[in-house]
>>> print(open('coords25.tsv').read())   # TSV, C-alpha atoms
chain	number	residue	atom	x	y	z
A	7	MET	CA	54.33	-72.92	-69.87
A	8	SER	CA	55.52	-70.67	-67.02
A	9	GLU	CA	52.31	-68.83	-66.13
A	10	VAL	CA	48.56	-69.21	-66.51
A	11	ALA	CA	45.87	-66.55	-66.17
A	12	VAL	CA	42.61	-67.84	-64.72
A	13	LEU	CA	39.17	-66.31	-64.36
A	14	HIS	CA	37.43	-67.93	-61.37
A	15	LEU	CA	33.65	-68.06	-61.85
A	16	ALA	CA	31.61	-68.28	-58.63
A	17	ARG	CA	28.16	-66.82	-58.17
A	18	GLY	CA	28.80	-66.24	-54.48
A	19	ARG	CA	25.20	-66.08	-53.28
A	20	GLU	CA	26.25	-67.28	-49.81
A	21	TRP	CA	29.36	-67.50	-47.69
A	22	ARG	CA	29.94	-71.22	-47.26
A	23	GLY	CA	32.83	-73.61	-47.63
A	24	GLY	CA	32.91	-73.38	-51.43
A	25	GLU	CA	33.18	-69.59	-51.44
A	26	ARG	CA	35.87	-69.69	-48.76
A	27	GLN	CA	37.81	-72.17	-50.89
A	28	VAL	CA	37.64	-69.92	-53.98
A	29	CYS	CA	39.11	-67.06	-51.99
A	30	LEU	CA	41.80	-69.23	-50.39
A	31	LEU	CA	42.79	-70.78	-53.73
A	32	ALA	CA	43.02	-67.43	-55.51
A	33	ALA	CA	45.16	-65.98	-52.72
A	34	ALA	CA	47.51	-68.98	-52.80
A	35	GLN	CA	47.76	-68.77	-56.59
A	36	ARG	CA	48.69	-65.12	-56.45
A	37	ALA	CA	51.35	-65.85	-53.82
A	38	SER	CA	52.84	-68.67	-55.92
A	39	GLY	CA	53.43	-66.57	-59.04
A	40	GLU	CA	52.43	-69.54	-61.21
A	41	VAL	CA	48.85	-68.43	-61.76
A	42	ARG	CA	47.38	-64.94	-62.18
A	43	PRO	CA	43.89	-65.19	-60.64
A	44	THR	CA	40.86	-62.96	-61.15
A	45	VAL	CA	37.55	-63.70	-59.43
A	46	LEU	CA	34.24	-63.02	-61.18
A	47	THR	CA	31.30	-63.08	-58.79
A	48	ARG	CA	27.98	-61.47	-58.05
A	49	ALA	CA	28.19	-57.79	-57.11
A	50	ASP	CA	27.86	-57.16	-53.35
A	51	SER	CA	28.24	-60.87	-52.58
A	52	PRO	CA	30.14	-62.12	-49.50
A	53	LEU	CA	32.74	-63.51	-51.90
A	54	ALA	CA	33.19	-60.09	-53.51
A	55	ARG	CA	33.74	-58.56	-50.07
A	56	ALA	CA	36.18	-61.29	-49.07
A	57	ALA	CA	38.14	-60.86	-52.32
A	58	ALA	CA	38.33	-57.12	-51.71
A	59	ALA	CA	39.59	-57.70	-48.17
A	60	ARG	CA	42.43	-59.79	-49.58
A	61	ALA	CA	43.06	-57.30	-52.41
A	62	LEU	CA	42.35	-60.01	-55.00
A	63	PRO	CA	41.48	-58.85	-58.54
A	64	CYS	CA	37.72	-59.14	-58.80
A	65	VAL	CA	35.06	-58.48	-61.44
A	66	HIS	CA	31.60	-57.70	-60.07
A	67	ALA	CA	28.85	-59.14	-62.27
A	68	HIS	CA	25.10	-58.50	-62.34
A	69	TRP	CA	24.33	-62.17	-61.71
A	70	THR	CA	20.73	-62.79	-60.67
A	71	LEU	CA	19.64	-65.73	-62.83
A	72	PRO	CA	21.69	-68.96	-63.00
A	73	LEU	CA	22.66	-68.16	-66.59
A	74	ASP	CA	22.43	-64.37	-66.60
A	75	LEU	CA	23.15	-62.56	-69.88
A	76	ARG	CA	24.49	-59.57	-67.94
A	77	ALA	CA	26.96	-61.79	-66.12
A	78	LEU	CA	27.91	-63.41	-69.41
A	79	ALA	CA	28.58	-60.04	-71.02
A	80	GLY	CA	30.67	-58.93	-68.04
A	81	ALA	CA	32.62	-62.18	-68.10
A	82	ALA	CA	33.33	-61.86	-71.83
A	83	GLN	CA	34.64	-58.35	-71.27
A	84	ALA	CA	36.83	-59.64	-68.46
A	85	VAL	CA	38.23	-62.38	-70.72
A	86	ALA	CA	39.05	-59.83	-73.43
A	87	ARG	CA	40.77	-57.52	-70.92
A	88	LEU	CA	42.79	-60.32	-69.35
A	89	ARG	CA	43.95	-61.47	-72.77
A	90	ARG	CA	45.16	-57.96	-73.56
A	91	GLU	CA	46.93	-57.55	-70.23
A	92	ALA	CA	48.43	-61.00	-69.67
A	93	ALA	CA	51.06	-62.58	-71.87
A	94	ALA	CA	49.86	-65.98	-70.67
A	95	PRO	CA	47.28	-68.59	-71.64
A	96	LEU	CA	43.82	-67.89	-70.21
A	97	LEU	CA	41.59	-70.48	-68.60
A	98	LEU	CA	38.14	-70.43	-66.95
A	99	HIS	CA	37.51	-72.17	-63.61
A	100	ALA	CA	33.87	-72.72	-62.55
A	101	HIS	CA	33.18	-73.39	-58.87
A	102	ASP	CA	29.44	-74.14	-58.67
A	103	SER	CA	26.63	-75.37	-60.90
A	104	HIS	CA	25.50	-71.87	-61.93
A	105	ALA	CA	29.10	-70.92	-62.70
A	106	LEU	CA	29.39	-74.09	-64.78
A	107	GLN	CA	26.47	-73.01	-66.96
A	108	LEU	CA	28.03	-69.60	-67.44
A	109	GLY	CA	31.44	-71.13	-68.05
A	110	ILE	CA	30.21	-73.50	-70.76
A	111	VAL	CA	28.65	-70.66	-72.77
A	112	LEU	CA	31.62	-68.36	-72.10
A	113	SER	CA	34.07	-71.06	-73.23
A	114	TRP	CA	32.12	-71.54	-76.46
A	115	TRP	CA	31.95	-67.77	-77.03
A	116	THR	CA	35.59	-66.89	-76.25
A	117	GLY	CA	37.44	-70.13	-76.97
A	118	ALA	CA	38.91	-70.22	-73.46
A	119	ARG	CA	39.20	-73.70	-72.00
A	120	LEU	CA	37.12	-74.61	-68.97
A	121	VAL	CA	37.93	-76.40	-65.72
A	122	ALA	CA	35.31	-76.99	-63.01
A	123	THR	CA	35.37	-78.04	-59.36
A	124	ARG	CA	32.65	-80.39	-58.10
A	125	ARG	CA	31.96	-79.83	-54.38
A	126	SER	CA	29.09	-82.30	-53.90
A	127	ASP	CA	28.96	-86.09	-53.87
A	128	THR	CA	25.40	-86.17	-55.25
A	129	PRO	CA	25.07	-87.46	-58.84
A	130	PRO	CA	26.04	-84.63	-61.23
A	131	GLY	CA	24.08	-83.69	-64.34
A	132	ARG	CA	25.20	-84.03	-67.95
A	133	LEU	CA	26.73	-80.54	-68.04
A	134	TRP	CA	29.60	-81.79	-65.89
A	135	ARG	CA	30.82	-83.78	-68.91
A	136	ARG	CA	31.67	-80.57	-70.76
A	137	PRO	CA	34.76	-79.09	-69.00
A	138	ARG	CA	38.24	-80.16	-70.08
A	139	ARG	CA	38.95	-81.15	-66.48
A	140	VAL	CA	36.66	-81.69	-63.48
A	141	ILE	CA	38.25	-81.52	-60.05
A	142	GLY	CA	36.62	-83.72	-57.41
A	143	LEU	CA	37.38	-83.09	-53.75
A	144	SER	CA	37.46	-86.74	-52.70
A	145	ARG	CA	37.22	-90.31	-53.96
A	146	SER	CA	33.51	-90.15	-53.22
A	147	VAL	CA	33.09	-87.19	-55.58
A	148	THR	CA	35.31	-88.53	-58.35
A	149	GLY	CA	33.44	-91.82	-58.20
A	150	ARG	CA	30.14	-90.00	-58.72
A	151	LEU	CA	31.61	-88.09	-61.66
A	152	SER	CA	32.84	-91.27	-63.31
A	153	ALA	CA	29.52	-93.06	-62.77
A	154	SER	CA	27.71	-90.09	-64.34
A	155	GLY	CA	29.60	-90.36	-67.60
A	156	VAL	CA	32.44	-87.86	-67.19
A	157	ALA	CA	35.40	-89.21	-69.17
A	158	PRO	CA	37.95	-90.73	-66.76
A	159	HIS	CA	40.88	-88.75	-68.23
A	160	ARG	CA	39.03	-85.52	-67.41
A	161	ILE	CA	38.57	-86.31	-63.70
A	162	VAL	CA	41.24	-85.22	-61.20
A	163	GLN	CA	41.11	-85.52	-57.42
A	164	VAL	CA	42.34	-82.43	-55.59
A	165	PRO	CA	41.08	-81.75	-52.04
A	166	SER	CA	39.99	-78.56	-50.37
A	167	ALA	CA	42.70	-76.54	-48.66
A	168	VAL	CA	43.50	-74.87	-45.36
A	169	ASP	CA	45.82	-71.96	-44.59
A	170	LEU	CA	48.08	-73.72	-42.11
A	171	ALA	CA	50.04	-70.60	-41.16
A	172	ALA	CA	46.91	-68.58	-40.37
A	173	LEU	CA	45.33	-71.44	-38.41
A	174	ALA	CA	48.50	-72.04	-36.39
A	175	ALA	CA	48.12	-68.53	-34.97
A	176	LEU	CA	44.64	-69.45	-33.67
A	177	ARG	CA	45.57	-72.79	-32.15
A	178	ARG	CA	44.88	-73.16	-28.43
A	179	ALA	CA	45.86	-75.66	-25.76
A	180	PRO	CA	43.68	-78.81	-25.88
A	181	GLY	CA	40.60	-78.78	-23.68
A	182	ASP	CA	40.64	-75.04	-22.90
A	183	ALA	CA	36.88	-74.63	-23.20
A	184	GLN	CA	35.15	-74.70	-19.80
A	185	PRO	CA	32.48	-75.95	-19.62
A	186	PRO	CA	33.14	-78.36	-22.51
A	187	LEU	CA	31.96	-77.00	-25.85
A	188	LEU	CA	30.70	-79.11	-28.75
A	189	LEU	CA	30.64	-77.12	-31.98
A	190	ALA	CA	29.06	-77.83	-35.37
A	191	ALA	CA	29.87	-75.40	-38.18
A	192	GLY	CA	27.95	-75.45	-41.46
A	193	ALA	CA	24.89	-74.26	-43.31
A	194	LEU	CA	21.55	-75.02	-41.65
A	195	THR	CA	20.35	-77.39	-44.35
A	196	GLN	CA	18.91	-80.90	-44.10
A	197	GLU	CA	21.98	-82.68	-45.44
A	198	LYS	CA	24.14	-81.27	-42.62
A	199	GLY	CA	22.31	-83.51	-40.14
A	200	HIS	CA	21.76	-80.94	-37.37
A	201	LEU	CA	18.44	-82.49	-36.33
A	202	THR	CA	20.30	-85.74	-35.64
A	203	LEU	CA	22.88	-83.77	-33.64
A	204	ILE	CA	20.20	-82.15	-31.46
A	205	GLU	CA	18.60	-85.55	-30.81
A	206	ALA	CA	22.02	-86.97	-29.91
A	207	PHE	CA	22.77	-84.09	-27.54
A	208	ALA	CA	19.39	-84.58	-25.86
A	209	LEU	CA	20.23	-88.26	-25.30
A	210	MET	CA	23.56	-87.46	-23.63
A	211	ALA	CA	22.61	-84.20	-21.88
A	212	SER	CA	21.76	-85.82	-18.54
A	213	ARG	CA	25.01	-87.82	-18.52
A	214	VAL	CA	27.29	-84.86	-19.34
A	215	THR	CA	25.61	-82.09	-17.43
A	216	GLY	CA	28.08	-79.28	-18.10
A	217	ALA	CA	28.51	-79.61	-21.85
A	218	ARG	CA	27.17	-77.00	-24.28
A	219	LEU	CA	26.45	-77.25	-28.00
A	220	VAL	CA	26.83	-74.40	-30.48
A	221	ILE	CA	25.67	-74.76	-34.08
A	222	ALA	CA	27.26	-72.01	-36.18
A	223	GLY	CA	25.66	-71.28	-39.52
A	224	ALA	CA	22.60	-69.92	-41.28
A	225	GLY	CA	20.05	-71.52	-43.54
A	226	PRO	CA	16.46	-72.61	-44.15
A	227	GLU	CA	16.33	-75.22	-41.35
A	228	ARG	CA	16.76	-72.74	-38.50
A	229	ALA	CA	13.08	-72.71	-37.49
A	230	SER	CA	12.92	-76.52	-37.43
A	231	LEU	CA	16.06	-76.68	-35.30
A	232	GLU	CA	14.74	-74.06	-32.88
A	233	ALA	CA	11.51	-76.03	-32.50
A	234	ARG	CA	13.40	-79.25	-31.76
A	235	ILE	CA	15.64	-77.54	-29.20
A	236	ALA	CA	12.57	-76.09	-27.46
A	237	ALA	CA	10.80	-79.46	-27.48
A	238	HIS	CA	13.73	-80.97	-25.57
A	239	GLY	CA	13.92	-78.04	-23.16
A	240	LEU	CA	17.54	-77.37	-24.12
A	241	ALA	CA	17.42	-73.69	-25.06
A	242	GLY	CA	19.91	-72.92	-22.28
A	243	ARG	CA	22.45	-75.47	-23.51
A	244	ILE	CA	22.15	-75.41	-27.31
A	245	GLU	CA	22.82	-72.18	-29.20
A	246	LEU	CA	22.20	-71.41	-32.86
A	247	SER	CA	24.82	-68.70	-33.24
A	248	GLY	CA	24.09	-67.70	-36.85
A	249	GLU	CA	26.48	-67.12	-39.74
A	250	THR	CA	30.07	-66.15	-39.05
A	251	GLU	CA	32.72	-65.00	-41.50
A	252	ASP	CA	35.46	-66.34	-39.22
A	253	ALA	CA	34.46	-69.93	-38.52
A	254	ALA	CA	38.04	-70.92	-37.69
A	255	SER	CA	38.09	-68.75	-34.57
A	256	ARG	CA	34.94	-70.44	-33.32
A	257	ILE	CA	36.34	-73.90	-34.07
A	258	ALA	CA	39.60	-73.08	-32.26
A	259	GLY	CA	37.70	-72.54	-29.01
A	260	ALA	CA	35.80	-75.83	-29.15
A	261	THR	CA	36.49	-78.98	-27.16
A	262	ILE	CA	35.23	-81.16	-30.04
A	263	LEU	CA	34.02	-80.38	-33.55
A	264	VAL	CA	30.99	-82.45	-34.54
A	265	GLN	CA	30.10	-82.88	-38.23
A	266	PRO	CA	26.86	-84.91	-38.37
A	267	SER	CA	26.34	-84.60	-42.14
A	268	LEU	CA	24.10	-87.05	-43.95
A	269	ARG	CA	26.33	-86.53	-46.99
A	270	GLU	CA	29.52	-84.49	-47.44
A	271	ALA	CA	32.00	-84.13	-50.29
A	272	LEU	CA	34.92	-83.43	-47.96
A	273	GLY	CA	34.21	-80.95	-45.12
A	274	THR	CA	36.14	-77.68	-44.82
A	275	ALA	CA	35.21	-77.27	-41.16
A	276	VAL	CA	36.66	-80.70	-40.40
A	277	LEU	CA	39.90	-79.81	-42.19
A	278	GLU	CA	40.16	-76.58	-40.20
A	279	ALA	CA	39.50	-78.40	-36.93
A	280	MET	CA	42.25	-80.90	-37.69
A	281	ALA	CA	44.68	-78.08	-38.51
A	282	LEU	CA	43.70	-76.35	-35.26
A	283	GLY	CA	44.28	-79.45	-33.14
A	284	VAL	CA	40.59	-79.88	-32.31
A	285	PRO	CA	39.38	-83.52	-32.25
A	286	VAL	CA	36.54	-84.42	-34.60
A	287	ILE	CA	33.47	-86.64	-34.49
A	288	ALA	CA	31.80	-86.99	-37.90
A	289	SER	CA	29.48	-89.13	-39.96
A	290	ALA	CA	31.09	-91.94	-41.92
A	291	THR	CA	29.95	-90.58	-45.27
A	292	GLY	CA	31.62	-89.26	-48.43
A	293	GLY	CA	34.89	-87.45	-47.96
A	294	LEU	CA	34.52	-87.38	-44.17
A	295	ALA	CA	35.13	-91.11	-44.02
A	296	GLU	CA	38.28	-90.62	-46.11
A	297	LEU	CA	39.59	-87.70	-44.01
A	298	LEU	CA	39.12	-89.38	-40.65
A	299	ALA	CA	40.01	-92.95	-41.59
A	300	ASP	CA	42.83	-94.76	-39.75
A	301	ASP	CA	42.03	-93.20	-36.37
A	302	HIS	CA	42.24	-89.54	-37.35
A	303	GLY	CA	38.81	-88.90	-35.80
A	304	GLU	CA	35.71	-90.65	-34.51
A	305	LEU	CA	33.28	-91.88	-37.18
A	306	VAL	CA	29.62	-92.77	-36.62
A	307	PRO	CA	26.87	-93.91	-39.01
A	308	PRO	CA	25.07	-90.93	-40.59
A	309	GLY	CA	21.67	-90.19	-39.07
A	310	ASP	CA	22.28	-92.44	-36.03
A	311	ALA	CA	21.53	-90.26	-32.99
A	312	PRO	CA	22.27	-92.92	-30.32
A	313	ALA	CA	25.66	-93.70	-31.87
A	314	LEU	CA	26.50	-90.00	-32.08
A	315	ALA	CA	25.42	-89.46	-28.46
A	316	ALA	CA	27.63	-92.33	-27.30
A	317	ALA	CA	30.61	-91.01	-29.27
A	318	MET	CA	30.23	-87.48	-27.87
A	319	ALA	CA	29.84	-88.66	-24.27
A	320	SER	CA	32.79	-91.05	-24.58
A	321	LEU	CA	35.15	-88.48	-26.10
A	322	LEU	CA	34.16	-85.73	-23.65
A	323	GLY	CA	35.02	-88.10	-20.82
A	324	ASN	CA	38.39	-89.14	-22.24
A	325	PRO	CA	40.92	-86.26	-22.42
A	326	LYS	CA	43.76	-88.61	-23.40
A	327	ARG	CA	41.77	-89.82	-26.40
A	328	ARG	CA	40.98	-86.23	-27.37
A	329	ALA	CA	44.66	-85.32	-27.23
A	330	ARG	CA	45.56	-88.37	-29.35
A	331	LEU	CA	43.00	-87.48	-32.03
A	332	ALA	CA	44.09	-83.85	-32.00
A	333	GLU	CA	47.70	-84.85	-32.57
A	334	ARG	CA	46.89	-87.25	-35.40
A	335	GLY	CA	44.51	-84.80	-37.05
A	336	LEU	CA	47.10	-82.05	-36.92
A	337	GLY	CA	49.61	-84.28	-38.66
A	338	ARG	CA	47.16	-85.26	-41.38
A	339	ALA	CA	46.17	-81.65	-42.02
A	340	GLN	CA	49.71	-80.82	-43.18
A	341	GLY	CA	48.94	-82.42	-46.54
A	342	PHE	CA	46.11	-79.94	-47.22
A	343	ASP	CA	48.05	-76.67	-47.04
A	344	SER	CA	46.76	-74.07	-49.50
A	345	ALA	CA	50.12	-73.70	-51.27
A	346	ARG	CA	50.29	-77.44	-51.97
A	347	VAL	CA	46.69	-77.55	-53.19
A	348	ALA	CA	47.25	-74.50	-55.41
A	349	ALA	CA	50.24	-76.23	-57.02
A	350	ALA	CA	48.12	-79.30	-57.73
A	351	VAL	CA	45.40	-77.14	-59.31
A	352	ALA	CA	48.05	-75.41	-61.45
A	353	GLU	CA	49.00	-78.83	-62.84
A	354	VAL	CA	45.35	-79.44	-63.69
A	355	TYR	CA	45.29	-76.15	-65.58
A	356	ARG	CA	48.38	-77.05	-67.57
A	357	SER	CA	47.01	-80.44	-68.53
A	358	ALA	CA	43.77	-78.81	-69.71
A	359	LEU	CA	45.64	-76.21	-71.76
A	360	THR	CA	48.13	-78.59	-73.39
A	361	GLU	CA	45.65	-81.29	-74.37
A	362	PRO	CA	45.04	-81.19	-78.15
>>> encode(input="coords25.tsv", output="structure tokens")
Amino acid sequence: MSEVAVLHLARGREWRGGERQVCLLAAAQRASGEVRPTVLTRADSPLARAAAARALPCVHAHWTLPLDLRALAGAAQAVARLRREAAAPLLLHAHDSHALQLGIVLSWWTGARLVATRRSDTPPGRLWRRPRRVIGLSRSVTGRLSASGVAPHRIVQVPSAVDLAALAALRRAPGDAQPPLLLAAGALTQEKGHLTLIEAFALMASRVTGARLVIAGAGPERASLEARIAAHGLAGRIELSGETEDAASRIAGATILVQPSLREALGTAVLEAMALGVPVIASATGGLAELLADDHGELVPPGDAPALAAAMASLLGNPKRRARLAERGLGRAQGFDSARVAAAVAEVYRSALTEP
């Protein structure tokens, strides 16, 4: 089987790590020549705009409800067109829970086989037992899938990816940021642990007087975070910078990336920081513990503000340690290049298509 056509299903309501990964995977697939990707997403979504910027084939669906009949009709039309145009087997790839619902019905309707990617290490529902293959980003995620009743032969571990060539162009000399800059990048949601990060920064602020903290992202917790920053009198040193479509550029300018998540399937921002040579402090949870094990970053217990404060103060005061972590992280990131991940996903597609 020399080539596979795939219709990526992603609702694309927001521009977070999952949507970035869909775009990166589709671009790498197109470059490889092994897979012909088309992205189906909500019209006028950030993912639709990102796909257009990369000149990726994209179908814009009217996708308002989780299982929207208009999106289903548009997807069925896309499947029919791709089958006419491509002399290759066609497969569906769902990238979020709403896309999974659409994909299950679309697979039943069109006969196309379904693969799904699970990007959370929370217990999945019964619908995740339906795809021919379920890709988990880390051992933490695949363990959850197995415990939830997904057949073991259907579970495959394939991590998120980074574009090493693009990130190399952004890489800066270690410790360039003056004054020192701590950066957290991620949606402003409870599970990202930003309240813990603010408490930790408040604990260390008097000891490291020049350091600044920027939290890049948007989400429902912004008001709570603003209130906590004001309560500590740190409005001049902690910035909520809002959403950015180019998180990598922000990460490249940081002294340290901090990922204080209470739970995390893998952590795209951490992968990008490692590829950029930026040292990482993160919670020892989910895929973060796997990424940063064996001295590839500093790990602290999730939700532990004093431990996080101590880790940040210690690493800010130790440039040799920062350089060591940056070097080790950069080496580890080489295994997550988008071309390598795309090849692994192509093997998942072939196994799903050839299974009786």
>>> residues_around(input="coords25.tsv", residues="Asp50 in chain A", least_positions_apart="5", cutoff="12 Å", atoms="all atoms listed in the file", output="number ranges by chain")
A: 17-21, 55-58, 64-70
>>> write_last_selection(input="coords25.tsv", atoms="C-alpha atoms", output="short mmCIF file (atom, residue, chain, number, x, y, z; two decimals), in the coordinates of the input")
data_model
loop_
_atom_site.label_atom_id
_atom_site.label_comp_id
_atom_site.auth_asym_id
_atom_site.auth_seq_id
_atom_site.Cartn_x
_atom_site.Cartn_y
_atom_site.Cartn_z
CA ARG A 17 28.16 -66.82 -58.17
CA GLY A 18 28.80 -66.24 -54.48
CA ARG A 19 25.20 -66.08 -53.28
CA GLU A 20 26.25 -67.28 -49.81
CA TRP A 21 29.36 -67.50 -47.69
CA ARG A 55 33.74 -58.56 -50.07
CA ALA A 56 36.18 -61.29 -49.07
CA ALA A 57 38.14 -60.86 -52.32
CA ALA A 58 38.33 -57.12 -51.71
CA CYS A 64 37.72 -59.14 -58.80
CA VAL A 65 35.06 -58.48 -61.44
CA HIS A 66 31.60 -57.70 -60.07
CA ALA A 67 28.85 -59.14 -62.27
CA HIS A 68 25.10 -58.50 -62.34
CA TRP A 69 24.33 -62.17 -61.71
CA THR A 70 20.73 -62.79 -60.67
#
>>> atom_distance(input="coords25.tsv", atom1="CA of Ser166 in chain A", atom2="CA of Gly131 in chain A")
21.8 Å
>>> atom_distance(input="coords25.tsv", atom1="CA of Leu246 in chain A", atom2="CA of Ala229 in chain A")
10.3 Å
>>> closest_residue(input="coords25.tsv", among="A:His14, A:Arg218, A:Arg327, A:Arg150", to="Thr128 in chain A", atoms="all atoms listed in the file")
A:Arg150
>>> closest_residue(input="coords25.tsv", among="A:Val111, A:Ala11, A:Ala37, A:Ala61", to="Val85 in chain A", atoms="all atoms listed in the file")
A:Ala11
>>> decode(input="coords25.tsv", residues="range 207-282 of chain A", atoms="C-alpha atoms", output="PDB file, in the first residue's frame")
ATOM      1  CA  PHE A 207       6.050  33.243  42.079  1.00  0.00           C
ATOM      2  CA  ALA A 208       4.739  35.264  45.030  1.00  0.00           C
ATOM      3  CA  LEU A 209       6.746  33.042  47.411  1.00  0.00           C
ATOM      4  CA  MET A 210       9.998  33.581  45.494  1.00  0.00           C
ATOM      5  CA  ALA A 211       9.453  37.182  44.328  1.00  0.00           C
ATOM      6  CA  SER A 212      11.345  38.780  47.222  1.00  0.00           C
ATOM      7  CA  ARG A 213      14.305  36.421  46.772  1.00  0.00           C
ATOM      8  CA  VAL A 214      14.651  36.935  43.000  1.00  0.00           C
ATOM      9  CA  THR A 215      13.801  40.587  42.679  1.00  0.00           C
ATOM     10  CA  GLY A 216      14.409  41.051  38.956  1.00  0.00           C
ATOM     11  CA  ALA A 217      12.501  38.079  37.569  1.00  0.00           C
ATOM     12  CA  ARG A 218       9.288  38.488  35.577  1.00  0.00           C
ATOM     13  CA  LEU A 219       6.536  35.982  34.819  1.00  0.00           C
ATOM     14  CA  VAL A 220       4.478  35.918  31.622  1.00  0.00           C
ATOM     15  CA  ILE A 221       1.508  33.575  31.250  1.00  0.00           C
ATOM     16  CA  ALA A 222       0.612  33.302  27.556  1.00  0.00           C
ATOM     17  CA  GLY A 223      -2.838  31.981  26.742  1.00  0.00           C
ATOM     18  CA  ALA A 224      -6.554  32.662  26.907  1.00  0.00           C
ATOM     19  CA  GLY A 225      -9.368  30.946  28.729  1.00  0.00           C
ATOM     20  CA  PRO A 226     -12.072  31.050  31.396  1.00  0.00           C
ATOM     21  CA  GLU A 227      -9.702  31.403  34.381  1.00  0.00           C
ATOM     22  CA  ARG A 228      -8.332  34.812  33.381  1.00  0.00           C
ATOM     23  CA  ALA A 229     -10.428  36.790  35.890  1.00  0.00           C
ATOM     24  CA  SER A 230      -9.426  34.483  38.757  1.00  0.00           C
ATOM     25  CA  LEU A 231      -5.759  34.799  37.818  1.00  0.00           C
ATOM     26  CA  GLU A 232      -5.983  38.591  37.583  1.00  0.00           C
ATOM     27  CA  ALA A 233      -7.561  38.708  41.036  1.00  0.00           C
ATOM     28  CA  ARG A 234      -4.810  36.551  42.532  1.00  0.00           C
ATOM     29  CA  ILE A 235      -2.074  38.651  40.918  1.00  0.00           C
ATOM     30  CA  ALA A 236      -3.665  41.826  42.307  1.00  0.00           C
ATOM     31  CA  ALA A 237      -4.023  40.291  45.770  1.00  0.00           C
ATOM     32  CA  HIS A 238      -0.263  39.674  45.848  1.00  0.00           C
ATOM     33  CA  GLY A 239       0.529  43.140  44.501  1.00  0.00           C
ATOM     34  CA  LEU A 240       2.414  41.654  41.546  1.00  0.00           C
ATOM     35  CA  ALA A 241       0.698  43.360  38.616  1.00  0.00           C
ATOM     36  CA  GLY A 242       4.020  44.928  37.616  1.00  0.00           C
ATOM     37  CA  ARG A 243       5.855  41.598  37.516  1.00  0.00           C
ATOM     38  CA  ILE A 244       3.275  39.085  36.260  1.00  0.00           C
ATOM     39  CA  GLU A 245       1.695  39.581  32.838  1.00  0.00           C
ATOM     40  CA  LEU A 246      -1.232  37.723  31.306  1.00  0.00           C
ATOM     41  CA  SER A 247      -0.317  38.271  27.667  1.00  0.00           C
ATOM     42  CA  GLY A 248      -3.362  36.636  26.050  1.00  0.00           C
ATOM     43  CA  GLU A 249      -3.546  34.173  23.179  1.00  0.00           C
ATOM     44  CA  THR A 250      -0.759  34.037  20.626  1.00  0.00           C
ATOM     45  CA  GLU A 251      -0.642  32.150  17.336  1.00  0.00           C
ATOM     46  CA  ASP A 252       3.152  31.960  17.543  1.00  0.00           C
ATOM     47  CA  ALA A 253       3.868  30.521  20.975  1.00  0.00           C
ATOM     48  CA  ALA A 254       7.291  29.253  19.895  1.00  0.00           C
ATOM     49  CA  SER A 255       8.632  32.788  19.441  1.00  0.00           C
ATOM     50  CA  ARG A 256       7.569  33.664  22.974  1.00  0.00           C
ATOM     51  CA  ILE A 257       9.118  30.486  24.370  1.00  0.00           C
ATOM     52  CA  ALA A 258      12.398  31.152  22.532  1.00  0.00           C
ATOM     53  CA  GLY A 259      12.848  34.400  24.447  1.00  0.00           C
ATOM     54  CA  ALA A 260      12.293  32.881  27.890  1.00  0.00           C
ATOM     55  CA  THR A 261      14.920  32.052  30.489  1.00  0.00           C
ATOM     56  CA  ILE A 262      12.840  29.098  31.746  1.00  0.00           C
ATOM     57  CA  LEU A 263       9.565  27.556  30.606  1.00  0.00           C
ATOM     58  CA  VAL A 264       7.315  26.589  33.515  1.00  0.00           C
ATOM     59  CA  GLN A 265       4.514  24.051  32.993  1.00  0.00           C
ATOM     60  CA  PRO A 266       2.620  23.781  36.314  1.00  0.00           C
ATOM     61  CA  SER A 267      -0.172  21.531  35.010  1.00  0.00           C
ATOM     62  CA  LEU A 268      -2.242  19.484  37.425  1.00  0.00           C
ATOM     63  CA  ARG A 269      -2.623  16.928  34.627  1.00  0.00           C
ATOM     64  CA  GLU A 270      -1.139  16.813  31.125  1.00  0.00           C
ATOM     65  CA  ALA A 271      -1.170  14.207  28.371  1.00  0.00           C
ATOM     66  CA  LEU A 272       2.211  15.280  27.003  1.00  0.00           C
ATOM     67  CA  GLY A 273       2.742  19.059  26.665  1.00  0.00           C
ATOM     68  CA  THR A 274       3.415  20.672  23.283  1.00  0.00           C
ATOM     69  CA  ALA A 275       4.873  23.800  24.877  1.00  0.00           C
ATOM     70  CA  VAL A 276       7.382  21.677  26.782  1.00  0.00           C
ATOM     71  CA  LEU A 277       8.406  19.880  23.585  1.00  0.00           C
ATOM     72  CA  GLU A 278       8.903  23.213  21.829  1.00  0.00           C
ATOM     73  CA  ALA A 279      10.947  24.573  24.725  1.00  0.00           C
ATOM     74  CA  MET A 280      13.217  21.529  24.645  1.00  0.00           C
ATOM     75  CA  ALA A 281      13.696  21.908  20.877  1.00  0.00           C
ATOM     76  CA  LEU A 282      14.486  25.604  21.398  1.00  0.00           C
TER      77      LEU A 282
END
